[in-house]
$ cat model_3.cif   # mmCIF, C-alpha atoms and all ligand atoms
data_protein
#
loop_
_atom_site.label_atom_id
_atom_site.label_comp_id
_atom_site.auth_asym_id
_atom_site.auth_seq_id
_atom_site.Cartn_x
_atom_site.Cartn_y
_atom_site.Cartn_z
CA MET A 1 -40.06 -52.69 -16.81
CA ILE A 2 -38.40 -50.54 -14.17
CA GLU A 3 -35.14 -51.58 -12.47
CA THR A 4 -36.50 -52.43 -9.02
CA ALA A 5 -38.45 -55.34 -10.56
CA GLN A 6 -36.58 -58.65 -10.67
CA ALA A 7 -39.43 -60.74 -12.09
CA PHE A 8 -42.83 -60.49 -13.75
CA GLY A 9 -46.03 -62.12 -12.49
CA VAL A 10 -49.39 -62.82 -14.10
CA ASP A 11 -52.53 -64.07 -12.33
CA ILE A 12 -55.19 -65.64 -14.52
CA GLY A 13 -58.67 -65.70 -13.05
CA GLY A 14 -62.18 -66.40 -14.29
CA SER A 15 -63.00 -62.67 -14.47
CA GLY A 16 -59.67 -60.86 -14.89
CA ILE A 17 -56.08 -61.40 -16.04
CA LYS A 18 -53.79 -59.29 -13.86
CA ALA A 19 -50.09 -58.68 -14.30
CA ALA A 20 -47.30 -56.60 -12.78
CA PRO A 21 -43.52 -56.40 -12.48
CA VAL A 22 -42.55 -57.55 -8.99
CA ASP A 23 -39.91 -56.29 -6.57
CA LEU A 24 -38.79 -59.53 -4.92
CA THR A 25 -36.81 -57.78 -2.21
CA LYS A 26 -40.10 -56.36 -0.91
CA GLY A 27 -42.63 -58.93 -2.15
CA ASP A 28 -44.60 -56.10 -3.76
CA PHE A 29 -45.49 -54.68 -7.16
CA ALA A 30 -42.75 -52.53 -8.67
CA GLU A 31 -45.32 -50.77 -10.90
CA PRO A 32 -49.13 -50.61 -10.73
CA ARG A 33 -50.71 -53.79 -12.10
CA LEU A 34 -52.54 -54.02 -15.41
CA LYS A 35 -55.87 -55.84 -15.38
CA ILE A 36 -57.55 -57.02 -18.58
CA LEU A 37 -60.92 -58.75 -18.46
CA THR A 38 -60.85 -62.49 -19.13
CA PRO A 39 -62.40 -63.09 -22.57
CA GLU A 40 -65.93 -64.49 -22.39
CA VAL A 41 -64.77 -67.54 -24.31
CA SER A 42 -61.53 -68.12 -22.46
CA THR A 43 -59.74 -70.46 -24.89
CA PRO A 44 -55.96 -71.05 -24.63
CA GLN A 45 -55.29 -68.77 -27.64
CA ALA A 46 -57.48 -65.93 -26.33
CA VAL A 47 -55.96 -65.99 -22.84
CA ALA A 48 -52.36 -66.40 -24.03
CA LYS A 49 -52.78 -63.42 -26.36
CA ILE A 50 -53.66 -61.20 -23.40
CA VAL A 51 -50.63 -62.37 -21.43
CA LYS A 52 -48.39 -61.47 -24.39
CA GLN A 53 -50.10 -58.05 -24.51
CA GLN A 54 -49.26 -57.53 -20.82
CA LEU A 55 -45.59 -58.49 -21.32
CA ASP A 56 -45.39 -55.99 -24.18
CA HIS A 57 -47.13 -53.27 -22.15
CA PHE A 58 -44.51 -53.47 -19.37
CA GLU A 59 -41.61 -54.03 -21.81
CA VAL A 60 -40.45 -57.05 -19.82
CA PRO A 61 -36.80 -57.81 -20.69
CA GLU A 62 -35.86 -61.23 -22.08
CA SER A 63 -33.78 -62.01 -18.98
CA ALA A 64 -36.61 -61.47 -16.46
CA PRO A 65 -38.27 -64.60 -15.02
CA VAL A 66 -41.97 -64.73 -15.96
CA GLY A 67 -44.37 -66.61 -13.69
CA ILE A 68 -48.02 -67.30 -14.47
CA ALA A 69 -50.55 -68.27 -11.79
CA PHE A 70 -53.19 -70.50 -13.38
CA PRO A 71 -56.53 -71.74 -11.94
CA ALA A 72 -55.96 -75.49 -12.36
CA PRO A 73 -53.44 -78.13 -11.25
CA ILE A 74 -50.21 -77.75 -13.24
CA LYS A 75 -47.70 -80.55 -13.84
CA PRO A 76 -44.77 -79.45 -16.01
CA GLY A 77 -44.52 -81.46 -19.23
CA GLN A 78 -48.02 -82.89 -18.83
CA LYS A 79 -51.27 -81.96 -20.48
CA LEU A 80 -54.07 -80.45 -18.39
CA ASP A 81 -56.73 -82.99 -17.42
CA PHE A 82 -58.98 -80.84 -15.27
CA MET A 83 -60.36 -77.31 -15.59
CA ALA A 84 -63.05 -75.77 -13.37
CA ASN A 85 -62.88 -72.03 -14.07
CA LEU A 86 -61.88 -71.40 -17.73
CA ASP A 87 -63.01 -72.78 -21.11
CA GLN A 88 -62.98 -76.58 -21.32
CA SER A 89 -60.78 -76.39 -24.43
CA TRP A 90 -57.83 -76.10 -22.00
CA ILE A 91 -58.19 -79.82 -21.28
CA GLY A 92 -55.53 -81.82 -23.16
CA VAL A 93 -53.32 -78.75 -23.54
CA ASP A 94 -49.73 -78.32 -22.29
CA VAL A 95 -50.32 -74.99 -20.52
CA THR A 96 -46.66 -74.05 -20.17
CA GLU A 97 -46.08 -74.72 -23.87
CA VAL A 98 -49.08 -72.58 -24.93
CA PHE A 99 -47.92 -69.56 -22.90
CA SER A 100 -44.24 -69.96 -23.81
CA GLU A 101 -45.10 -70.08 -27.51
CA ALA A 102 -47.47 -67.09 -27.35
CA CYS A 103 -44.94 -65.05 -25.37
CA GLY A 104 -41.95 -66.09 -27.50
CA ARG A 105 -39.90 -67.01 -24.40
CA PRO A 106 -39.86 -69.66 -21.67
CA VAL A 107 -42.37 -68.98 -18.86
CA VAL A 108 -43.11 -70.84 -15.61
CA VAL A 109 -46.72 -71.79 -14.83
CA VAL A 110 -47.93 -72.61 -11.32
CA ASN A 111 -51.36 -73.25 -9.79
CA ASP A 112 -52.86 -69.94 -8.62
CA ALA A 113 -53.53 -71.03 -5.03
CA ASP A 114 -50.01 -72.47 -4.80
CA ALA A 115 -48.62 -69.13 -6.00
CA ALA A 116 -50.69 -67.24 -3.43
CA GLY A 117 -49.61 -69.63 -0.66
CA LEU A 118 -45.94 -69.27 -1.56
CA ALA A 119 -46.30 -65.48 -1.46
CA GLU A 120 -47.86 -65.61 2.02
CA VAL A 121 -45.08 -67.89 3.34
CA GLN A 122 -42.30 -65.89 1.69
CA PHE A 123 -43.54 -62.34 2.29
CA GLY A 124 -46.86 -62.31 4.11
CA ALA A 125 -49.07 -63.68 6.86
CA ALA A 126 -47.29 -67.05 7.16
CA LYS A 127 -43.73 -65.73 7.02
CA GLY A 128 -41.46 -67.71 9.34
CA GLN A 129 -44.16 -70.28 10.18
CA ASP A 130 -42.81 -73.80 10.86
CA GLY A 131 -44.74 -76.96 10.15
CA LEU A 132 -47.75 -77.17 7.86
CA VAL A 133 -49.41 -74.05 6.48
CA ILE A 134 -52.66 -74.42 4.55
CA ALA A 135 -53.18 -71.27 2.50
CA THR A 136 -56.71 -70.93 1.15
CA THR A 137 -58.21 -68.63 -1.44
CA LEU A 138 -61.94 -68.41 -0.95
CA GLY A 139 -63.78 -66.94 -3.90
CA THR A 140 -65.53 -68.21 -7.02
CA GLY A 141 -63.50 -71.40 -6.63
CA ILE A 142 -61.86 -72.62 -3.44
CA GLY A 143 -58.09 -72.81 -3.85
CA THR A 144 -55.70 -74.49 -1.43
CA ALA A 145 -51.92 -74.64 -1.04
CA LEU A 146 -50.04 -76.93 1.35
CA ILE A 147 -46.62 -75.67 2.40
CA TYR A 148 -44.56 -77.70 4.85
CA ASN A 149 -41.54 -75.98 6.44
CA GLY A 150 -41.42 -73.61 3.47
CA VAL A 151 -41.64 -76.37 0.84
CA LEU A 152 -44.68 -76.43 -1.45
CA ILE A 153 -46.61 -79.68 -1.91
CA PRO A 154 -48.12 -78.65 -5.25
CA ASN A 155 -51.55 -79.03 -6.82
CA THR A 156 -53.71 -79.91 -3.84
CA GLU A 157 -57.37 -79.44 -4.77
CA LEU A 158 -58.99 -79.69 -1.34
CA GLY A 159 -61.82 -77.39 -2.41
CA HIS A 160 -63.09 -80.08 -4.73
CA ILE A 161 -63.18 -82.81 -2.08
CA ILE A 162 -65.93 -80.91 -0.32
CA LEU A 163 -67.85 -80.40 -3.54
CA SER A 164 -67.85 -84.02 -4.55
CA ALA A 165 -68.21 -85.57 -1.11
CA LYS A 166 -70.93 -83.32 0.19
CA LEU A 167 -73.69 -81.78 -1.88
CA SER A 168 -74.01 -78.73 0.31
CA GLY A 169 -70.41 -77.78 -0.65
CA ARG A 170 -71.93 -75.92 -3.58
CA ARG A 171 -73.87 -73.80 -1.14
CA GLU A 172 -70.65 -72.80 0.62
CA VAL A 173 -69.01 -71.73 -2.65
CA CYS A 174 -72.09 -69.73 -3.65
CA LEU A 175 -72.21 -68.06 -0.27
CA LEU A 176 -68.56 -67.07 -0.44
CA ARG A 177 -69.00 -65.67 -3.94
CA ASP A 178 -72.25 -63.90 -3.12
CA SER A 179 -70.65 -62.23 -0.14
CA ARG A 180 -68.65 -60.16 -2.62
CA GLU A 181 -71.50 -59.49 -4.98
CA ARG A 182 -74.42 -58.95 -2.64
CA GLY A 183 -72.91 -58.30 0.76
CA THR A 184 -74.12 -61.57 2.33
CA GLY A 185 -74.12 -61.42 6.14
CA LEU A 186 -70.64 -61.77 7.57
CA GLN A 187 -71.84 -64.28 10.12
CA GLU A 188 -73.04 -66.52 7.29
CA VAL A 189 -69.75 -66.15 5.42
CA GLY A 190 -67.92 -67.03 8.63
CA GLN A 191 -70.05 -70.13 9.06
CA ALA A 192 -69.51 -71.15 5.42
CA SER A 193 -65.74 -70.70 5.83
CA ASP A 194 -65.92 -72.73 9.03
CA GLN A 195 -67.55 -75.61 7.15
CA VAL A 196 -64.95 -75.44 4.38
CA LEU A 197 -61.92 -75.27 6.70
CA ARG A 198 -62.99 -77.61 9.51
CA PRO A 199 -62.46 -80.88 7.56
CA TYR A 200 -59.05 -79.69 6.31
CA GLY A 201 -58.00 -79.04 9.90
CA LYS A 202 -59.24 -82.38 11.12
CA VAL A 203 -57.62 -84.47 8.39
CA LEU A 204 -54.33 -82.60 7.85
CA GLN A 205 -53.66 -81.06 11.30
CA PRO A 206 -52.05 -77.86 9.98
CA ASP A 207 -50.20 -75.37 12.20
CA LEU A 208 -51.71 -72.33 10.49
CA PHE A 209 -54.45 -71.43 8.03
CA THR A 210 -54.32 -68.28 5.94
CA VAL A 211 -57.50 -67.04 4.29
CA GLY A 212 -57.21 -65.07 1.07
CA GLY A 213 -59.12 -64.66 -2.18
CA GLY A 214 -62.17 -62.61 -3.06
CA VAL A 215 -63.66 -62.60 0.43
CA SER A 216 -60.41 -61.80 2.27
CA ARG A 217 -61.02 -58.04 2.24
CA GLN A 218 -63.66 -58.66 4.90
CA SER A 219 -61.82 -61.42 6.76
CA GLU A 220 -61.22 -59.43 9.97
CA LYS A 221 -64.98 -59.17 10.29
CA PHE A 222 -66.03 -62.73 9.49
CA LEU A 223 -63.10 -64.72 10.94
CA PRO A 224 -64.47 -64.38 14.50
CA TYR A 225 -67.33 -66.62 13.34
CA VAL A 226 -64.92 -69.37 12.28
CA ASP A 227 -64.69 -71.65 15.27
CA ILE A 228 -61.78 -74.04 14.64
CA LYS A 229 -58.77 -74.87 16.83
CA THR A 230 -56.03 -74.23 14.26
CA PRO A 231 -54.78 -70.63 14.29
CA ILE A 232 -56.23 -68.78 11.30
CA VAL A 233 -55.07 -65.42 9.93
CA PRO A 234 -56.13 -63.24 6.99
CA ALA A 235 -53.81 -63.34 3.99
CA LYS A 236 -51.60 -60.28 3.92
CA LEU A 237 -50.91 -59.92 0.21
CA ARG A 238 -54.58 -60.35 -0.64
CA ASN A 239 -55.22 -59.88 -4.36
CA GLN A 240 -51.50 -59.28 -5.01
CA ALA A 241 -50.58 -62.78 -3.81
CA GLY A 242 -51.05 -64.64 -7.12
CA ILE A 243 -48.87 -62.21 -9.09
CA VAL A 244 -46.16 -61.90 -6.42
CA GLY A 245 -46.10 -65.68 -5.78
CA ALA A 246 -45.90 -66.55 -9.48
CA ALA A 247 -43.04 -64.08 -10.01
CA TYR A 248 -41.21 -65.43 -6.95
CA TYR A 249 -41.72 -69.05 -8.06
CA ALA A 250 -40.42 -68.28 -11.56
CA SER A 251 -37.33 -66.62 -10.05
CA THR A 252 -36.54 -69.77 -8.01
CA LYS A 253 -36.76 -71.88 -11.19
CA GLN A 254 -34.44 -69.62 -13.15
CA GLN A 255 -31.59 -69.63 -10.59
C1 LIG B 1 -59.38 -74.85 -9.15
C2 LIG B 1 -58.05 -74.67 -8.45
C3 LIG B 1 -57.81 -73.19 -8.20
C4 LIG B 1 -59.00 -72.58 -7.45
C5 LIG B 1 -58.85 -71.08 -7.28
C6 LIG B 1 -60.47 -74.22 -8.29
O1 LIG B 1 -61.73 -74.37 -8.89
O2 LIG B 1 -59.65 -76.21 -9.35
O3 LIG B 1 -56.99 -75.20 -9.21
O4 LIG B 1 -56.64 -73.04 -7.46
O5 LIG B 1 -60.21 -72.82 -8.13
O6 LIG B 1 -58.79 -70.43 -8.50
#
$ encode --input "model_3.cif" --output "structure tokens"
Amino acid sequence: MIETAQAFGVDIGGSGIKAAPVDLTKGDFAEPRLKILTPEVSTPQAVAKIVKQQLDHFEVPESAPVGIAFPAPIKPGQKLDFMANLDQSWIGVDVTEVFSEACGRPVVVVNDADAAGLAEVQFGAAKGQDGLVIATTLGTGIGTALIYNGVLIPNTELGHIILSAKLSGRREVCLLRDSRERGTGLQEVGQASDQVLRPYGKVLQPDLFTVGGGVSRQSEKFLPYVDIKTPIVPAKLRNQAGIVGAAYYASTKQQ
């Protein structure tokens, strides 16, 4: 790992496992990231083996904080009780323990949307924002992070409220995913995002929304169709946010 990197970040997703050394003075990658496809059967052992491979590839020193962004709610010292995007064999597993053992060193695990939200508040589109920021990642799953005056309120799963409370929530998720794969009309994506974000705004009264995740590349074009009162901005770190946020979070835990 080169000297400008102070920490190492990994972002585990349903399709790819991405990792890079991170320069925390800039909130950016210190070296180009390495992406390895998520194994079709994404068991704890299979995924953890890839993370170890990535640490070895970048020759990450023992002293560097290692942060892993993970697509489920993470409570340190507790076993996972809910998993939407990877193999169900993760349920009942202590995620931090699995990764620490496979990597042969202590690592810090954080929910992927929380990592992305922290990165936006620390380095990106929500930098300097007072009050409540709701950072969203709209993609295959809907991820949310609540950050109040810079402090993370971890493991919010607002995306799942919509899915369980309202059948058509599934349609919104499909639309957001399809927009990447098939180029769904931007107006429709805007309207789907509107339906996802509107209830969050009404119930939680945030001061700012950021929109990241798979669809964020097109956000300048579809955000005009989102008609809600809360200011809403595209995420700035985009698909770097999970890695940068996880590395940053791990560095705060190691101080
Ligand atoms: C998971 C969240 C995750 C989001 C984005 C959801 O399905 O439940 O924990 O943050 O997907 O990956």
$ residues_near_ligand --input "model_3.cif" --ligand "ligand LIG 1 (chain B)" --cutoff "12 Å" --atoms "all atoms listed in the file" --output "ChimeraX atom specification"
/A:11-16,69-75,80-86,110-117,135-146,154-163,170,173,177,212-214,239,242
$ closest_residue --input "model_3.cif" --among "A:Gln122, A:Gln218, A:Gln191, A:Gln45" --to "Lys26 of chain A" --atoms "only C-alpha atoms"
A:Gln122
$ closest_residue --input "model_3.cif" --among "A:Glu62, A:Glu3, A:Asp56, A:Glu40" --to "Arg105 of chain A" --atoms "all atoms listed in the file"
A:Glu62
$ atom_distance --input "model_3.cif" --atom1 "atom CA of Ala247 of chain A" --atom2 "atom CA of Lys127 of chain A"
17.1 Å
$ atom_distance --input "model_3.cif" --atom1 "atom CA of Val133 of chain A" --atom2 "atom CA of Gly77 of chain A"
27.2 Å
$ atom_distance --input "model_3.cif" --atom1 "atom CA of Ala20 of chain A" --atom2 "atom CA of Pro106 of chain A"
17.5 Å
$ closest_residue --input "model_3.cif" --among "A:Ala119, A:Leu24, A:Ala48, A:Ile147" --to "Gly245 of chain A" --atoms "all atoms listed in the file"
A:Ala119
$ closest_residue --input "model_3.cif" --among "A:Ala19, A:Ile134, A:Val121, A:Leu152" --to "Gly67 of chain A" --atoms "all atoms listed in the file"
A:Ala19
$ closest_residue --input "model_3.cif" --among "A:Ala102, A:Pro206, A:Lys229, A:Ile243" --to "Ile17 of chain A" --atoms "all atoms listed in the file"
A:Ile243
$ residues_around --input "model_3.cif" --residues "Thr4 of chain A" --least-positions-apart "5" --cutoff "12 Å" --atoms "only C-alpha atoms" --output "list in words"
Pro21, Val22, Asp23, Leu24, Thr25, Lys26, Gly27, Asp28, Phe29, Ala30, Glu31 and Ala64 of chain A
$ closest_residue --input "model_3.cif" --among "A:Asp87, A:Asp94, A:Asn149, A:His57" --to "Val41 of chain A" --atoms "all atoms listed in the file"
A:Asp87
